[in-house]
$ cat coords.txt   # compact mmCIF, C-alpha atoms and all ligand atoms
# COMPACT_ATOMS: atom_id res chain seq x y z
CA MET A 1 138.66 87.21 96.35
CA LYS A 2 136.71 90.45 96.95
CA ASN A 3 133.58 90.75 99.07
CA ILE A 4 132.28 94.10 97.83
CA ARG A 5 128.54 94.47 97.27
CA LYS A 6 126.94 96.90 94.86
CA ILE A 7 124.04 98.93 96.25
CA ASN A 8 123.53 100.77 92.97
CA GLU A 9 125.68 102.08 90.16
CA ASN A 10 127.78 104.30 92.42
CA TYR A 11 127.47 102.94 95.94
CA ARG A 12 129.26 99.96 97.44
CA TYR A 13 128.67 98.16 100.75
CA LEU A 14 131.81 97.64 102.85
CA GLY A 15 130.26 96.34 106.08
CA VAL A 16 131.21 93.36 108.22
CA ASN A 17 129.34 90.85 110.39
CA ASP A 18 130.20 89.87 113.94
CA ARG A 19 128.82 86.35 114.42
CA GLU A 20 130.76 85.67 117.61
CA ILE A 21 129.62 88.63 119.67
CA SER A 22 127.76 87.68 122.85
CA LEU A 23 127.06 91.13 124.32
CA PHE A 24 126.72 94.26 122.17
CA GLU A 25 128.07 97.28 124.06
CA ASN A 26 128.95 94.66 126.69
CA VAL A 27 125.28 94.79 127.78
CA TYR A 28 122.83 93.40 125.23
CA PRO A 29 122.76 89.67 124.45
CA MET A 30 123.04 89.01 120.73
CA ILE A 31 120.95 86.16 119.40
CA ASP A 32 122.01 86.41 115.77
CA GLY A 33 125.19 88.46 115.72
CA MET A 34 125.60 92.09 114.70
CA SER A 35 126.44 93.93 111.50
CA TYR A 36 128.57 97.05 111.27
CA ASN A 37 127.76 98.81 108.02
CA SER A 38 129.96 101.12 106.02
CA TYR A 39 129.48 102.48 102.52
CA LEU A 40 131.57 103.89 99.69
CA LEU A 41 130.39 106.33 97.00
CA LYS A 42 132.37 106.17 93.77
CA ASP A 43 131.59 109.35 91.88
CA GLU A 44 134.02 111.87 90.37
CA LYS A 45 135.10 112.03 93.98
CA THR A 46 135.12 109.02 96.31
CA VAL A 47 133.40 109.16 99.69
CA LEU A 48 133.62 106.75 102.62
CA PHE A 49 130.71 106.72 105.08
CA ASP A 50 131.90 105.67 108.56
CA THR A 51 133.98 102.59 109.42
CA VAL A 52 133.42 99.45 111.55
CA GLU A 53 134.37 97.90 114.89
CA LYS A 54 138.10 97.44 115.58
CA SER A 55 138.07 93.61 115.53
CA PHE A 56 137.42 93.84 111.81
CA ARG A 57 140.32 96.15 110.96
CA ALA A 58 141.98 93.88 108.41
CA GLU A 59 138.73 92.86 106.71
CA PHE A 60 137.44 96.42 106.51
CA MET A 61 140.65 97.99 105.25
CA GLN A 62 140.84 95.28 102.57
CA ASN A 63 137.19 95.95 101.62
CA LEU A 64 137.94 99.66 101.32
CA LYS A 65 141.02 99.06 99.17
CA ASP A 66 139.14 96.59 96.96
CA ALA A 67 136.17 98.92 96.54
CA LEU A 68 138.36 101.89 95.69
CA ASP A 69 140.03 99.68 93.11
CA GLY A 70 143.00 101.97 92.62
CA CYS A 71 141.12 105.26 93.17
CA ASN A 72 142.18 107.67 95.87
CA LEU A 73 139.88 108.30 98.83
CA ASP A 74 138.75 111.92 98.63
CA TYR A 75 136.19 112.31 101.43
CA PHE A 76 135.48 110.50 104.69
CA ILE A 77 132.08 111.32 106.20
CA ILE A 78 131.83 110.56 109.90
CA ASN A 79 128.20 110.46 111.01
CA HIS A 80 128.76 108.89 114.43
CA LEU A 81 131.73 108.53 116.80
CA GLU A 82 130.76 105.44 118.76
CA PRO A 83 133.56 102.90 118.35
CA ASP A 84 131.39 100.28 116.64
CA HIS A 85 131.56 102.65 113.64
CA ALA A 86 134.46 104.95 114.33
CA ALA A 87 137.18 102.65 115.65
CA LEU A 88 139.12 102.72 112.39
CA ILE A 89 139.22 106.47 111.80
CA LYS A 90 142.94 106.63 112.49
CA ASP A 91 143.60 103.63 110.25
CA VAL A 92 141.77 105.32 107.37
CA VAL A 93 143.57 108.63 107.88
CA ASP A 94 146.95 106.89 108.15
CA LYS A 95 146.31 104.99 104.91
CA TYR A 96 144.81 107.97 103.04
CA PRO A 97 146.53 111.00 104.65
CA ASN A 98 145.08 113.54 102.20
CA VAL A 99 141.46 112.50 102.81
CA LYS A 100 139.03 115.29 103.74
CA ILE A 101 137.23 114.37 106.95
CA VAL A 102 133.65 115.63 106.65
CA THR A 103 131.92 115.90 109.99
CA ASN A 104 130.46 118.40 112.45
CA GLN A 105 132.31 120.34 115.15
CA LYS A 106 131.09 118.18 118.03
CA ALA A 107 132.25 115.03 116.25
CA LYS A 108 135.62 116.63 115.52
CA ASP A 109 136.09 117.34 119.23
CA MET A 110 135.27 113.72 120.02
CA ILE A 111 137.72 112.44 117.41
CA TYR A 112 140.49 114.05 119.43
CA GLN A 113 139.05 112.46 122.60
CA PHE A 114 139.38 109.00 121.06
CA PHE A 115 142.52 109.30 118.94
CA GLU A 116 146.03 110.67 118.92
CA PHE A 117 147.31 111.06 115.38
CA ASP A 118 150.87 110.71 114.14
CA PHE A 119 150.59 113.97 112.20
CA ASP A 120 148.55 117.17 112.44
CA ILE A 121 145.16 116.43 110.83
CA GLU A 122 143.62 119.91 111.34
CA ALA A 123 143.88 120.67 107.63
CA ASN A 124 142.01 117.45 106.83
CA PHE A 125 138.79 118.59 108.45
CA ASN A 126 135.86 119.89 106.46
CA ILE A 127 133.45 120.90 109.24
CA VAL A 128 129.79 120.97 108.22
CA LYS A 129 126.66 122.40 109.77
CA GLU A 130 122.98 121.64 109.40
CA GLY A 131 121.96 121.87 105.74
CA ASP A 132 125.48 122.15 104.32
CA THR A 133 126.07 120.23 101.11
CA LEU A 134 128.92 118.45 99.39
CA ASN A 135 129.02 117.88 95.65
CA THR A 136 130.93 114.82 94.50
CA GLY A 137 130.23 115.04 90.77
CA LYS A 138 126.81 113.55 90.01
CA HIS A 139 125.81 113.43 93.66
CA ASN A 140 124.86 116.10 96.17
CA LEU A 141 125.12 115.18 99.83
CA THR A 142 123.27 117.18 102.50
CA PHE A 143 124.10 116.98 106.19
CA VAL A 144 121.39 116.87 108.85
CA LEU A 145 122.24 117.00 112.54
CA ALA A 146 120.61 114.33 114.71
CA PRO A 147 121.91 114.93 118.24
CA MET A 148 121.23 112.11 120.74
CA VAL A 149 120.20 109.64 118.08
CA HIS A 150 122.22 108.13 119.74
CA TRP A 151 125.13 110.34 120.85
CA PRO A 152 125.33 114.16 120.82
CA GLU A 153 127.54 114.40 117.73
CA VAL A 154 125.35 112.22 115.48
CA MET A 155 124.42 113.48 112.05
CA VAL A 156 122.82 111.81 109.07
CA THR A 157 123.65 112.36 105.41
CA TYR A 158 121.12 112.57 102.60
CA ASP A 159 122.04 111.97 98.98
CA THR A 160 119.62 114.18 97.06
CA THR A 161 120.59 112.54 93.77
CA ASP A 162 119.87 108.90 94.62
CA LYS A 163 117.49 109.81 97.51
CA ILE A 164 119.43 107.72 100.00
CA LEU A 165 119.48 108.54 103.71
CA PHE A 166 122.61 107.43 105.55
CA SER A 167 120.86 107.28 108.89
CA ALA A 168 123.66 106.43 111.36
CA ASP A 169 122.20 104.31 114.21
CA ALA A 170 118.61 105.26 113.31
CA PHE A 171 116.50 102.62 111.55
CA GLY A 172 119.05 99.90 112.35
CA SER A 173 118.67 96.58 114.10
CA PHE A 174 120.52 93.93 116.01
CA GLY A 175 121.44 90.89 113.91
CA ALA A 176 124.17 90.01 111.45
CA LEU A 177 123.42 90.05 107.73
CA SER A 178 123.47 86.77 105.83
CA GLY A 179 124.27 87.66 102.26
CA ASN A 180 121.03 89.54 101.68
CA LEU A 181 121.63 93.26 102.11
CA PHE A 182 118.13 94.58 101.41
CA ASP A 183 114.91 94.36 103.42
CA ASP A 184 112.96 93.11 100.40
CA GLU A 185 115.20 90.04 100.21
CA VAL A 186 114.16 88.60 103.60
CA GLU A 187 111.05 87.80 105.69
CA PHE A 188 111.17 91.29 107.15
CA GLU A 189 108.15 90.99 109.50
CA GLU A 190 110.02 88.30 111.45
CA LEU A 191 112.73 90.82 112.30
CA ILE A 192 110.55 93.52 113.85
CA GLY A 193 111.19 92.19 117.38
CA GLU A 194 114.91 92.82 117.06
CA TYR A 195 114.31 96.25 115.48
CA ARG A 196 112.20 97.05 118.54
CA ARG A 197 114.78 95.68 121.01
CA TYR A 198 117.54 97.62 119.26
CA TYR A 199 115.56 100.88 119.19
CA THR A 200 114.23 100.74 122.74
CA ASN A 201 117.52 99.84 124.36
CA ILE A 202 119.82 102.02 122.26
CA VAL A 203 117.81 105.21 121.75
CA GLY A 204 114.55 104.57 123.64
CA LYS A 205 115.42 107.24 126.17
CA TYR A 206 115.70 109.92 123.49
CA GLY A 207 112.16 109.99 122.08
CA ALA A 208 112.10 113.77 121.69
CA GLN A 209 115.34 113.76 119.71
CA VAL A 210 114.19 110.86 117.52
CA THR A 211 110.94 112.71 116.86
CA ALA A 212 112.97 115.77 115.80
CA LEU A 213 114.86 113.62 113.29
CA LEU A 214 111.62 112.03 112.02
CA ASN A 215 110.21 115.53 111.45
CA LYS A 216 113.29 116.52 109.47
CA ALA A 217 113.12 113.27 107.48
CA LYS A 218 109.49 114.00 106.51
CA ASN A 219 110.78 116.80 104.31
CA LEU A 220 113.06 114.44 102.38
CA ASP A 221 112.08 112.15 99.53
CA ILE A 222 113.74 108.97 100.83
CA LYS A 223 113.85 105.93 98.59
CA THR A 224 116.58 104.02 100.43
CA VAL A 225 117.83 104.03 104.02
CA CYS A 226 121.40 102.91 104.70
CA PRO A 227 121.79 102.48 108.47
CA LEU A 228 124.95 101.61 110.35
CA HIS A 229 123.43 98.32 111.56
CA GLY A 230 121.14 95.84 109.85
CA LEU A 231 119.48 95.71 106.47
CA ILE A 232 119.35 98.47 103.88
CA LEU A 233 115.70 99.54 103.73
CA ARG A 234 113.92 100.22 100.46
CA LYS A 235 110.58 98.41 100.84
CA ASN A 236 109.69 98.81 104.53
CA ILE A 237 110.72 102.43 105.13
CA SER A 238 107.19 103.58 106.01
CA LEU A 239 106.60 100.51 108.21
CA ILE A 240 109.73 101.25 110.26
CA ALA A 241 109.02 105.00 110.26
CA ASP A 242 105.54 104.26 111.68
CA LYS A 243 107.11 102.08 114.39
CA TYR A 244 109.60 104.85 115.18
CA GLN A 245 106.73 107.35 115.52
CA LYS A 246 105.14 105.09 118.12
CA TRP A 247 108.34 104.22 119.96
CA ALA A 248 109.59 107.81 120.03
CA SER A 249 106.26 109.09 121.38
CA TYR A 250 106.02 106.19 123.86
CA THR A 251 102.71 105.15 122.32
CA PRO A 252 101.81 101.49 122.98
CA GLU A 253 101.61 99.31 119.89
CA ILE A 254 99.16 96.90 121.44
CA ASN A 255 96.29 97.22 123.91
CA SER A 256 97.00 94.21 126.10
CA VAL A 257 98.81 93.06 129.21
CA LEU A 258 102.50 92.35 129.72
CA VAL A 259 103.04 90.34 132.90
CA VAL A 260 106.60 90.67 134.21
CA TYR A 261 107.34 88.64 137.32
CA SER A 262 110.12 87.49 139.58
CA SER A 263 109.54 84.40 141.66
CA VAL A 264 111.92 82.77 144.13
CA TRP A 265 110.03 79.54 144.89
CA GLY A 266 107.24 79.61 142.29
CA ASN A 267 104.39 81.12 144.29
CA THR A 268 104.52 84.53 142.62
CA LYS A 269 104.78 82.78 139.26
CA ASN A 270 101.68 80.77 140.15
CA ALA A 271 99.80 83.97 140.90
CA CYS A 272 100.76 85.34 137.48
CA GLU A 273 99.69 82.17 135.68
CA ILE A 274 96.28 82.49 137.34
CA ILE A 275 95.98 86.19 136.53
CA ALA A 276 96.94 85.58 132.90
CA SER A 277 94.33 82.80 132.62
CA LYS A 278 91.67 85.00 134.14
CA LEU A 279 92.55 87.85 131.75
CA ALA A 280 92.36 85.45 128.83
CA ALA A 281 88.97 84.23 130.04
CA TYR A 282 87.74 87.81 129.56
CA GLY A 283 88.78 87.52 125.90
CA ILE A 284 91.95 89.59 126.23
CA LYS A 285 94.39 88.53 123.52
CA ASN A 286 98.16 88.67 123.15
CA ILE A 287 98.90 88.52 126.89
CA LYS A 288 102.63 88.03 127.38
CA MET A 289 104.39 86.68 130.47
CA ILE A 290 108.07 87.23 131.20
CA ASP A 291 110.11 85.70 134.03
CA ILE A 292 112.56 88.54 134.51
CA SER A 293 115.10 86.20 136.10
CA HIS A 294 115.25 84.15 132.91
CA LEU A 295 114.98 86.75 130.17
CA HIS A 296 117.45 89.56 129.79
CA SER A 297 116.00 92.93 130.69
CA SER A 298 116.64 94.23 127.15
CA PHE A 299 113.91 91.90 125.83
CA ALA A 300 111.51 92.86 128.61
CA LEU A 301 112.16 96.56 127.98
CA ALA A 302 111.26 96.08 124.31
CA SER A 303 107.99 94.42 125.35
CA ALA A 304 107.29 97.25 127.79
CA PHE A 305 107.47 99.68 124.86
CA LYS A 306 104.99 97.48 122.98
CA TYR A 307 102.29 96.90 125.60
CA SER A 308 99.77 99.35 127.06
CA HIS A 309 99.38 97.61 130.46
CA ILE A 310 102.17 96.15 132.55
CA LEU A 311 101.58 93.93 135.57
CA ILE A 312 104.61 93.81 137.86
CA ALA A 313 104.67 90.86 140.27
CA THR A 314 107.63 90.58 142.57
CA THR A 315 108.98 89.47 145.87
CA THR A 316 110.40 91.32 148.85
CA TYR A 317 114.09 90.45 149.00
CA ASN A 318 116.68 92.00 151.32
CA ASN A 319 113.87 94.30 152.42
CA ASP A 320 113.74 95.64 148.86
CA ILE A 321 112.46 94.71 145.39
CA PHE A 322 113.84 91.37 144.12
CA VAL A 323 117.13 92.16 142.41
CA ASN A 324 116.29 91.23 138.79
CA MET A 325 112.96 93.04 138.98
CA LYS A 326 114.64 96.10 140.41
CA HIS A 327 117.02 96.07 137.45
CA PHE A 328 114.11 95.85 134.99
CA ILE A 329 112.21 98.69 136.66
CA SER A 330 115.34 100.80 136.70
CA ASP A 331 115.73 100.03 132.98
CA ILE A 332 112.24 101.23 132.05
CA VAL A 333 112.62 104.34 134.22
CA SER A 334 116.01 105.21 132.72
CA HIS A 335 114.63 104.63 129.20
CA ASN A 336 111.93 107.22 129.87
CA LEU A 337 108.91 104.94 129.23
CA GLN A 338 105.63 106.88 129.37
CA ASN A 339 101.90 106.52 128.86
CA ARG A 340 101.50 103.16 130.57
CA THR A 341 99.12 101.61 133.09
CA PHE A 342 100.71 99.48 135.80
CA ALA A 343 99.30 96.89 138.18
CA ILE A 344 101.28 95.42 141.06
CA ILE A 345 101.33 92.11 142.94
CA GLU A 346 103.77 91.72 145.81
CA ASN A 347 104.87 88.70 147.82
CA GLY A 348 106.61 88.56 151.19
CA SER A 349 106.88 85.78 153.75
CA TRP A 350 107.43 87.94 156.81
CA VAL A 351 107.31 91.48 155.45
CA SER A 352 106.15 92.97 152.13
CA VAL A 353 107.72 96.25 151.10
CA CYS A 354 108.16 95.83 147.37
CA ALA A 355 104.79 97.12 146.11
CA GLN A 356 105.39 100.50 147.68
CA LYS A 357 108.96 100.61 146.38
CA VAL A 358 107.87 99.60 142.86
CA LYS A 359 105.22 102.30 142.94
CA GLU A 360 107.71 104.94 144.05
CA LEU A 361 110.03 104.13 141.15
CA LEU A 362 107.28 103.92 138.51
CA SER A 363 105.57 107.08 139.72
CA THR A 364 108.34 109.05 138.03
CA LEU A 365 107.13 107.95 134.56
CA LYS A 366 105.18 110.60 132.66
CA ASN A 367 101.49 110.05 131.92
CA SER A 368 101.43 106.70 133.65
CA LYS A 369 98.94 105.44 136.20
CA PHE A 370 98.29 102.52 138.51
CA ILE A 371 95.38 100.11 138.78
CA GLU A 372 94.18 101.00 142.26
CA LYS A 373 94.04 97.40 143.54
CA THR A 374 97.36 95.92 144.67
CA ILE A 375 97.50 92.29 145.79
CA THR A 376 99.75 91.17 148.63
CA ILE A 377 100.59 87.47 148.86
CA LYS A 378 102.02 86.05 152.06
CA SER A 379 104.27 83.22 150.82
CA ALA A 380 101.63 81.28 148.86
CA LEU A 381 98.17 81.89 147.45
CA LYS A 382 95.14 81.17 149.62
CA GLU A 383 91.71 80.14 148.39
CA ASN A 384 90.13 83.17 149.98
CA GLN A 385 92.27 85.48 147.81
CA GLU A 386 90.46 84.55 144.62
CA ILE A 387 88.03 87.38 145.13
CA GLU A 388 90.95 89.81 145.17
CA PHE A 389 92.34 88.30 141.97
CA ASP A 390 88.98 88.63 140.28
CA GLU A 391 88.77 92.24 141.39
CA LEU A 392 92.23 93.05 139.99
CA VAL A 393 91.55 91.26 136.71
CA LYS A 394 88.23 93.08 136.27
CA LEU A 395 89.89 96.45 136.93
CA ILE A 396 92.57 95.69 134.33
CA LYS A 397 89.95 94.49 131.83
CA ASP A 398 87.83 97.60 132.38
CA ASP A 399 90.87 99.83 131.94
CA LEU A 400 91.83 98.06 128.69
CA ASN A 401 88.32 98.66 127.37
CA LYS A 402 88.31 102.39 128.15
FE1 LIG B 1 125.98 101.71 116.52
FE2 LIG B 1 125.72 104.40 118.67
O1 LIG B 1 126.57 103.11 117.61
$ encode --input "coords.txt" --output "C-alpha cells"
Amino acid sequence: MKNIRKINENYRYLGVNDREISLFENVYPMIDGMSYNSYLLKDEKTVLFDTVEKSFRAEFMQNLKDALDGCNLDYFIINHLEPDHAALIKDVVDKYPNVKIVTNQKAKDMIYQFFEFDFDIEANFNIVKEGDTLNTGKHNLTFVLAPMVHWPEVMVTYDTTDKILFSADAFGSFGALSGNLFDDEVEFEELIGEYRRYYTNIVGKYGAQVTALLNKAKNLDIKTVCPLHGLILRKNISLIADKYQKWASYTPEINSVLVVYSSVWGNTKNACEIIASKLAAYGIKNIKMIDISHLHSSFALASAFKYSHILIATTTYNNDIFVNMKHFISDIVSHNLQNRTFAIIENGSWVSVCAQKVKELLSTLKNSKFIEKTITIKSALKENQEIEFDELVKLIKDDLNK
C-alpha cells in the first residue's frame, strides 16, 4: 500500500518520520520525534527535492518509486547537504543514473566529500547560481542561495508558478508529523516552542545570514512553504516570518525575566525562588525559572532568545562555574545571543569566583549589559541579605520598565 501524499495537483510529499530518535544531530533531545521532508514535482519533467536520513532508505526509495508511478526521474534538486536530507543521494543516482543533479557549486564539492560513486557523475550535474531558473513544463523553479542557513552550500528553491518556497532547513521545526501535513490542520500555536528551539539551536548563530534570506524572501509572493522538517506552512507564514525577524535580529519576544540556576544543595535554588516571588510581587508577569541541571541546554537557549532579562544564579565548583551552567553560558555565547540584560547571583562555601567568570563570558555578547548589583551567597541565605535581594529586584524591575 502506498503512502504518498498530494500537496497539490503536481506536488507529492515523500517524507518520513523518525519516532524513535532520542537525540537529533546527537545533541538535541527529541520530545516528539523528527520529520525528514522530501518532495516530488510531477510536471512534463519530474523533479525530486532532497532526500531523507539514511535509516529510512527502504521507505524513502519505495515512496519515490510509488510517487513516480512508472515515470522516469528527470531532475534532482539538492538544496542542502546535511545527511538528514542528503544521505540517499547515491541511492537516487544509482537507481536513476540519467538524473540531472541540480545544485550549486559548493554543494557539488560537498557531494564528493560525502560520497564515492560507482560511475563518473560529472555529466549529471546542472550547476545553478543565484537567480537561475529551471522550466519543467508548467512550472518555473528559481534558485536562491542561502549560505549558512544552516550550512554554507544551502540554497532554497522557489516555484514561481505555484508560489511555493522549498526552504531547506529554514522555517522548519523539531517534531514528527502525525498524518496532518499542513499547519492549518493542527493547533499551530502549541508548536511555537519547538519552532523556537529548532531555530535557536540549529541556526541561531547565523542571524545575519537568516536576515539576508528573509530580505530575499520579501521579494517573493509565497503562498506555501515546504521546509525539510516539520509542517508545510500555508496559513502561518507571516507568523513564523515575524518570529524569524525577531530571532535573527536577537530581539527579545517578551519583556520579562528568565531565571536560570544551578544548585548543588538547594540554597541557590532557594535564592531564585525568593527572587522570582519578589519580581512577581512587583507585577512582573511570565517569569520563567529553569534548573539547568534538569533541563537540557537546548530548551534554556530557546528561552534565552525569548526573554529580555536573564538572571544567572550559580555555584562555584572546582574553582569555576558549575559545570551545567558553564555549558549553558557557552551555548548562548556560541549562538551569538545579543541585546540582553543579565543579572548574576553567585554562591560559594569557601570561595566565590563564578560571578566574575560568568561576567567575563557574557561580556562578549553584543549590546548586552549587566544589572550592577551582584549578590554573593555564602552557602545559605541569611536574614540580613534580604535588603540586597530587594535592591537587586528593584534594579531589575526598573530596567524592565525603561
Ligand atoms: Fe536538517 Fe541542516 O539539516
$ residues_around --input "coords.txt" --residues "Cys71 (chain A)" --least-positions-apart "2" --cutoff "12 Å" --atoms "all atoms listed in the file" --output "number ranges by chain"
A: 40-47, 64-69, 73-75, 96
$ atom_distance --input "coords.txt" --atom1 "CA of Gly193 (chain A)" --atom2 "CA of Ser303 (chain A)"
8.9 Å
$ atom_distance --input "coords.txt" --atom1 "CA of Asn8 (chain A)" --atom2 "CA of Asp162 (chain A)"
9.1 Å
$ residues_near_ligand --input "coords.txt" --ligand "ligand LIG 1 (chain B)" --cutoff "6 Å" --atoms "all atoms listed in the file" --output "number ranges by chain"
A: 82, 84, 150, 169
$ residues_around --input "coords.txt" --residues "Pro97 (chain A)" --least-positions-apart "4" --cutoff "12 Å" --atoms "all atoms listed in the file" --output "PyMOL selection string"
chain A and resi 72-76+89-93+101+117-125
$ decode --input "coords.txt" --residues "region 263-272 of chain A" --atoms "all heavy atoms" --output "PDB file, in the first residue's frame"
ATOM      1  N   SER A 263      22.069  24.530  41.233  1.00  0.00           N
ATOM      2  CA  SER A 263      22.066  24.484  42.691  1.00  0.00           C
ATOM      3  C   SER A 263      22.492  23.094  43.141  1.00  0.00           C
ATOM      4  O   SER A 263      21.892  22.096  42.720  1.00  0.00           O
ATOM      5  CB  SER A 263      20.652  24.814  43.206  1.00  0.00           C
ATOM      6  OG  SER A 263      20.669  25.024  44.599  1.00  0.00           O
ATOM      7  N   VAL A 264      23.526  23.017  43.959  1.00  0.00           N
ATOM      8  CA  VAL A 264      24.039  21.701  44.364  1.00  0.00           C
ATOM      9  C   VAL A 264      23.213  21.140  45.522  1.00  0.00           C
ATOM     10  O   VAL A 264      22.764  19.999  45.495  1.00  0.00           O
ATOM     11  CB  VAL A 264      25.527  21.800  44.746  1.00  0.00           C
ATOM     12  CG1 VAL A 264      26.072  20.430  45.150  1.00  0.00           C
ATOM     13  CG2 VAL A 264      26.336  22.348  43.575  1.00  0.00           C
ATOM     14  N   TRP A 265      22.970  21.974  46.541  1.00  0.00           N
ATOM     15  CA  TRP A 265      22.233  21.501  47.721  1.00  0.00           C
ATOM     16  C   TRP A 265      20.970  22.317  47.989  1.00  0.00           C
ATOM     17  O   TRP A 265      20.426  22.290  49.092  1.00  0.00           O
ATOM     18  CB  TRP A 265      23.138  21.522  48.958  1.00  0.00           C
ATOM     19  CG  TRP A 265      24.295  20.576  48.785  1.00  0.00           C
ATOM     20  CD1 TRP A 265      25.602  20.889  48.632  1.00  0.00           C
ATOM     21  CD2 TRP A 265      24.214  19.142  48.685  1.00  0.00           C
ATOM     22  NE1 TRP A 265      26.359  19.763  48.445  1.00  0.00           N
ATOM     23  CE2 TRP A 265      25.529  18.673  48.479  1.00  0.00           C
ATOM     24  CE3 TRP A 265      23.170  18.214  48.734  1.00  0.00           C
ATOM     25  CZ2 TRP A 265      25.827  17.312  48.340  1.00  0.00           C
ATOM     26  CZ3 TRP A 265      23.466  16.862  48.599  1.00  0.00           C
ATOM     27  CH2 TRP A 265      24.784  16.429  48.403  1.00  0.00           C
ATOM     28  N   GLY A 266      20.511  23.080  47.016  1.00  0.00           N
ATOM     29  CA  GLY A 266      19.206  23.738  47.147  1.00  0.00           C
ATOM     30  C   GLY A 266      19.237  25.178  47.614  1.00  0.00           C
ATOM     31  O   GLY A 266      18.223  25.871  47.567  1.00  0.00           O
ATOM     32  N   ASN A 267      20.392  25.650  48.079  1.00  0.00           N
ATOM     33  CA  ASN A 267      20.414  27.022  48.605  1.00  0.00           C
ATOM     34  C   ASN A 267      20.354  28.074  47.489  1.00  0.00           C
ATOM     35  O   ASN A 267      19.696  29.107  47.645  1.00  0.00           O
ATOM     36  CB  ASN A 267      21.672  27.226  49.452  1.00  0.00           C
ATOM     37  CG  ASN A 267      21.593  26.420  50.738  1.00  0.00           C
ATOM     38  OD1 ASN A 267      20.650  26.571  51.517  1.00  0.00           O
ATOM     39  ND2 ASN A 267      22.558  25.531  50.949  1.00  0.00           N
ATOM     40  N   THR A 268      20.999  27.809  46.389  1.00  0.00           N
ATOM     41  CA  THR A 268      20.928  28.751  45.258  1.00  0.00           C
ATOM     42  C   THR A 268      19.523  28.728  44.662  1.00  0.00           C
ATOM     43  O   THR A 268      18.972  29.766  44.280  1.00  0.00           O
ATOM     44  CB  THR A 268      21.989  28.412  44.192  1.00  0.00           C
ATOM     45  OG1 THR A 268      23.246  28.216  44.855  1.00  0.00           O
ATOM     46  CG2 THR A 268      22.121  29.504  43.167  1.00  0.00           C
ATOM     47  N   LYS A 269      18.954  27.531  44.602  1.00  0.00           N
ATOM     48  CA  LYS A 269      17.555  27.420  44.138  1.00  0.00           C
ATOM     49  C   LYS A 269      16.641  28.259  45.026  1.00  0.00           C
ATOM     50  O   LYS A 269      15.783  29.009  44.526  1.00  0.00           O
ATOM     51  CB  LYS A 269      17.100  25.963  44.159  1.00  0.00           C
ATOM     52  CG  LYS A 269      15.605  25.789  43.907  1.00  0.00           C
ATOM     53  CD  LYS A 269      15.182  24.332  44.029  1.00  0.00           C
ATOM     54  CE  LYS A 269      13.694  24.148  43.752  1.00  0.00           C
ATOM     55  NZ  LYS A 269      12.838  24.603  44.841  1.00  0.00           N
ATOM     56  N   ASN A 270      16.841  28.150  46.330  1.00  0.00           N
ATOM     57  CA  ASN A 270      16.016  28.897  47.283  1.00  0.00           C
ATOM     58  C   ASN A 270      16.118  30.400  47.016  1.00  0.00           C
ATOM     59  O   ASN A 270      15.109  31.118  47.018  1.00  0.00           O
ATOM     60  CB  ASN A 270      16.473  28.555  48.710  1.00  0.00           C
ATOM     61  CG  ASN A 270      15.588  29.192  49.757  1.00  0.00           C
ATOM     62  OD1 ASN A 270      14.375  29.311  49.561  1.00  0.00           O
ATOM     63  ND2 ASN A 270      16.177  29.630  50.864  1.00  0.00           N
ATOM     64  N   ALA A 271      17.314  30.854  46.749  1.00  0.00           N
ATOM     65  CA  ALA A 271      17.508  32.275  46.442  1.00  0.00           C
ATOM     66  C   ALA A 271      16.700  32.672  45.208  1.00  0.00           C
ATOM     67  O   ALA A 271      16.068  33.738  45.172  1.00  0.00           O
ATOM     68  CB  ALA A 271      18.995  32.565  46.226  1.00  0.00           C
ATOM     69  N   CYS A 272      16.691  31.792  44.214  1.00  0.00           N
ATOM     70  CA  CYS A 272      15.961  32.103  42.968  1.00  0.00           C
ATOM     71  C   CYS A 272      14.457  32.090  43.175  1.00  0.00           C
ATOM     72  O   CYS A 272      13.729  32.910  42.597  1.00  0.00           O
ATOM     73  CB  CYS A 272      16.353  31.106  41.877  1.00  0.00           C
ATOM     74  SG  CYS A 272      18.053  31.342  41.353  1.00  0.00           S
TER      75      CYS A 272
END
